[in-house]
Each structure stands twice: as C-alpha cells, then as structure tokens.
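Some notes on the structure that comes next.
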2 protein chains.
Amino acid sequence: MFSIGELSKQAKVKIPTIRYYESIGLLAPAERTEGNQRRYTAEGLERLGFIKHARELGFSVESISSLIELQEHPDRSCYEATELAETQLRAVRAKIRQLRSLEQELARISTGCSGDDVSENCYVLSALANHNLCNKDH
Amino acid sequence: MFSIGELSKQAKVKIPTIRYYESIGLLAPAERTEGNQRRYTAEGLERLGFIKHARELGFSVESISSLIELQEHPDRSCYEATELAETQLRAVRAKIRQLRSLEQELARISTGCSGDDVSENCYVLSALANHNLCNKDH
DNA sequence: TATAATATCTCTAGCGACTAGAGGTTCAAG
DNA sequence: CTTGAACCTCTAGTCGCTAGAGATATTATA
C-alpha cells in the first residue's frame, strides 16, 4: 500500500495525470485511507505502467480503454488487440511518411539562404509564402 | 474584394479557422462591409497561404507570428528566419526518430501473436503490460 | 420589388490529454 | 504535539482548432 506520490515516482507518471486517469475511468478508483488519501498496490502500478507504455506508443486514451477491456475478456482479445496494434502501426507509418516530406522541404528551405548573407529576399520567408517553390503538395 | 467563404475556398482553410486566426492576431482584422461582413483582397489570401503552408510544415502559431514579424523587418530577418526553420527541422527529425522506434516496437508486438490463434496469453497485451518485453526505453 | 435561399455574423462551448494553481486537509517525522 | 511535506478537490488554462445556436446580411430569382 503506497501513496500517489510513491506511485508517481515508481511509474514516472505525474500525480495530476494519475488523478486525471482515474477521473476519466482509465484507472479504477483507488482505495482510500481514513483521511481520504489514495492508496495503491502493485496491481495499480502495473496498470499504470500499461497505460504509460501504451501512451508512449501513441495509443489514444480511447484505444487504451478498449485494450483494458480486452484484458478482461481473454476469449476474443488477441485478435482485436492485434488489430488495434496494427491500426496504430499504420497511423505511425503514415505520420513518418508525412514528417519525412516535411523534413525534406525544411532542409531545402533552411539551406536556401545562409544566415550570414543578409539579403533583402530571405529564401525561408519566400519559400513559406510561395507554395510554388515547394515540391510537395501537402 | 471577396468574402470569407471565397477566401476559404481559395486558400483551402476553413471559415472558423480564418476567424480564429484573426482573433489571435495572426491575420490582420479584415475590412468590413456596411453589414459587418469581412472582405478580403489578394493580399489577405497571400498571407493566409503563408500561414497555411507554415502550419503544414509544423510551425506553431507562435513561430508563425515571429515569421510574420520578421517579414516586416527585412534587415535581420534572414538569419532569424533561417534559425526558426532550422529549429523546426531539428524538431521534425527528433519526432521521426521517435516514431521509428515506436514503429519497430509496434511491428514486433503486432506480429507476435496471430489473430487466428486465440490463446489465453495475447502477446500484444502482455507486451504492453510488461515493458521488459520491449527493446527501447522510452 | 418582394421573397427565399444562402452566407455570414458573434458568442459560447467542446475536443484531447493533460497541467497549474488556490485553498484546505492529512500524514509522518522528530 | 508540532511542523512541514504531501495530499485532497475544484476550477481554469493550454493549443489549435471545430461545432452549434441564434441573429443578420447578401444575392438570386420570381
């Protein structure tokens, strides 16, 4: 039985975030002391670790709710959990593709004019103003 | 002189977003008709295009404000604008690195157990629960 | 010119996922 | 038993929009 501060330290999740997770139903309501303070067990730490890990992998809170529900119904869970993970993977890959094209354009833009050469036409600014100077259609 | 709807169509930026940009000072207040409706010129379209493009490149609204200010002071602008672009580039590259490691882990997780094999232990769920099953330390 | 349809106006509230702060209570160490 | 750190709830703020209500303006047609 440890306090929310201890849990926060162990799980590396901020205290207000823990309370927030409880408030939206992602964490079950914690047990309380006489004086109304939250007390947790190893189980709570595990659950919070799960949530943290999933968040770091980019799952939305909603998806995590689904995953937690799946944990409670082990029959169909594997198929659906794998599907959720694959959806997440597709989203991550799409995001990477998008960022790569941004990277290219930004790299091109920022090497376009050197900082030393203080000319009247800054290539960065004109590249931003004028989409024609850009390869991609985002 | 065209309406906000026309501007929206031309710039491919939604009407509420245009009003929002005006409200936070990113766009100068538009001229108005007798009946209080906004009217724009080609200049407004250009500015909005600049903003849109910069947003698509991931610049924050705050950075865009800076860029717009720089446009008005062409003397030091090139150096500072290039710096902003480079900062943005670094952020994009960091984000890509992070997403790549997520991609790897998600790929590993979601191929770990096939959906058909409905076992009691779903690898997706245990991988999420147990950070030790993961290569990275995020 | 009258009317109807469409477009616009302002204002408020909501989204996701937290974060920060005020003002008050409880716990644990000395 | 006192003190100070940790905890409590509640409200409001963050960012970058988006949605809706209810009122007014413009434009096209009859």
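Residue numbering restarts at 1 in every chain; chains get A, B, ... in the order shown in the structure tokens, and ligands count up from 1 in that same order.
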Residues of chain C within 10 Å of chain B, using only C-alpha atoms (C1' of nucleotides), as a short mmCIF file (atom, residue, chain, number, x, y, z; two decimals) with N, CA and C atoms (P, O5', C5', C4', C3', O3' and C1' of nucleotides), in the first residue's frame?
```
data_model
loop_
_atom_site.label_atom_id
_atom_site.label_comp_id
_atom_site.auth_asym_id
_atom_site.auth_seq_id
_atom_site.Cartn_x
_atom_site.Cartn_y
_atom_site.Cartn_z
P DA C 7 -23.94 28.99 -49.70
"O5'" DA C 7 -23.37 30.29 -48.99
"C5'" DA C 7 -23.47 31.56 -49.61
"C4'" DA C 7 -23.13 32.63 -48.60
"C3'" DA C 7 -22.01 32.25 -47.63
"O3'" DA C 7 -21.03 33.27 -47.73
"C1'" DA C 7 -23.87 33.11 -46.46
P DT C 8 -19.64 33.25 -47.02
"O5'" DT C 8 -19.93 34.05 -45.68
"C5'" DT C 8 -20.15 35.45 -45.73
"C4'" DT C 8 -20.74 35.93 -44.45
"C3'" DT C 8 -19.86 35.75 -43.22
"O3'" DT C 8 -19.08 36.91 -43.02
"C1'" DT C 8 -22.21 35.47 -42.79
P DC C 9 -18.12 36.98 -41.74
"O5'" DC C 9 -19.15 37.32 -40.56
"C5'" DC C 9 -19.65 38.64 -40.43
"C4'" DC C 9 -20.52 38.76 -39.19
"C3'" DC C 9 -19.83 38.33 -37.92
"O3'" DC C 9 -19.15 39.43 -37.36
"C1'" DC C 9 -22.03 37.41 -38.04
#
```
Taking the backbone alone, and naming residues the way the document does, which bits of region 18-105 of chain A are strand (DSSP E or B) by DSSP, as a ChimeraX atom specification? /A:31-32,38-40
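Those residues of chain D that fall within 8 Å of chain A when using only C-alpha atoms (C1' of nucleotides) read DA6, DC7 and DC8 of chain D.
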With N, CA, C and O atoms (P, O5', C5', C4', C3', O3' and C1' of nucleotides) retained, write the just-selected residues as a short mmCIF file (atom, residue, chain, number, x, y, z; two decimals), in the first residue's frame.
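The resulting result30.cif:
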```cif
data_model
loop_
_atom_site.label_atom_id
_atom_site.label_comp_id
_atom_site.auth_asym_id
_atom_site.auth_seq_id
_atom_site.Cartn_x
_atom_site.Cartn_y
_atom_site.Cartn_z
P DA D 6 7.41 16.06 -0.12
"O5'" DA D 6 5.95 15.43 -0.15
"C5'" DA D 6 5.66 14.32 0.71
"C4'" DA D 6 4.15 14.16 0.77
"C3'" DA D 6 3.46 14.09 -0.60
"O3'" DA D 6 2.77 12.84 -0.69
"C1'" DA D 6 2.30 15.51 0.89
P DC D 7 2.09 12.35 -1.99
"O5'" DC D 7 0.58 12.84 -1.79
"C5'" DC D 7 -0.25 12.11 -0.92
"C4'" DC D 7 -1.45 12.93 -0.57
"C3'" DC D 7 -2.43 13.19 -1.73
"O3'" DC D 7 -3.36 12.13 -1.84
"C1'" DC D 7 -2.24 15.04 -0.17
P DC D 8 -4.42 12.19 -3.01
"O5'" DC D 8 -5.46 13.30 -2.53
"C5'" DC D 8 -6.41 12.96 -1.52
"C4'" DC D 8 -7.35 14.13 -1.29
"C3'" DC D 8 -8.07 14.58 -2.54
"O3'" DC D 8 -9.25 13.83 -2.74
"C1'" DC D 8 -7.26 16.45 -1.30
#
```
Compile the contact shell of DC17 (chain D) as an MDAnalysis selection string: residues with an atom at most 9 Å away, counting only C-alpha atoms (C1' of nucleotides), same-chain residues fewer than 2 positions apart removed. (chainID B and resid 16:17 20) or (chainID C and resid 15) or (chainID D and resid 15)
Generate the output file for the selected residues, N, CA, C and O atoms (P, O5', C5', C4', C3', O3' and C1' of nucleotides), as a short mmCIF file (atom, residue, chain, number, x, y, z; two decimals), in the first residue's frame.
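And here is the file that came out, selection.cif:
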```cif
data_model
loop_
_atom_site.label_atom_id
_atom_site.label_comp_id
_atom_site.auth_asym_id
_atom_site.auth_seq_id
_atom_site.Cartn_x
_atom_site.Cartn_y
_atom_site.Cartn_z
N PRO B 16 -14.16 28.99 -39.90
CA PRO B 16 -13.91 29.27 -38.48
C PRO B 16 -12.42 29.42 -38.17
O PRO B 16 -12.05 30.18 -37.28
N THR B 17 -11.61 28.71 -38.91
CA THR B 17 -10.17 28.81 -38.71
C THR B 17 -9.66 30.19 -39.10
O THR B 17 -8.83 30.77 -38.40
N TYR B 20 -10.64 32.46 -36.44
CA TYR B 20 -9.76 32.18 -35.30
C TYR B 20 -8.40 32.85 -35.48
O TYR B 20 -7.89 33.49 -34.55
P DC C 15 -16.48 17.24 -25.18
"O5'" DC C 15 -15.20 17.12 -26.12
"C5'" DC C 15 -15.35 16.78 -27.50
"C4'" DC C 15 -14.01 16.90 -28.15
"C3'" DC C 15 -12.90 16.22 -27.36
"O3'" DC C 15 -12.69 14.93 -27.92
"C1'" DC C 15 -12.24 18.39 -28.22
P DC D 15 -0.66 28.14 -25.39
"O5'" DC D 15 -1.03 27.09 -26.52
"C5'" DC D 15 -0.23 25.96 -26.73
"C4'" DC D 15 -0.89 25.11 -27.79
"C3'" DC D 15 -1.36 25.92 -28.99
"O3'" DC D 15 -0.79 25.32 -30.14
"C1'" DC D 15 -3.10 24.51 -28.16
#
```
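The two atoms in question, CA of Ala91 (chain B) and CA of Ser110 (chain A), are spaced 13.6 Å apart.
The smallest atom-to-atom distance between chain B and any of A:Ser126, A:Ser23, A:Thr82, A:Gln10, using only C-alpha atoms, is found for A:Thr82.
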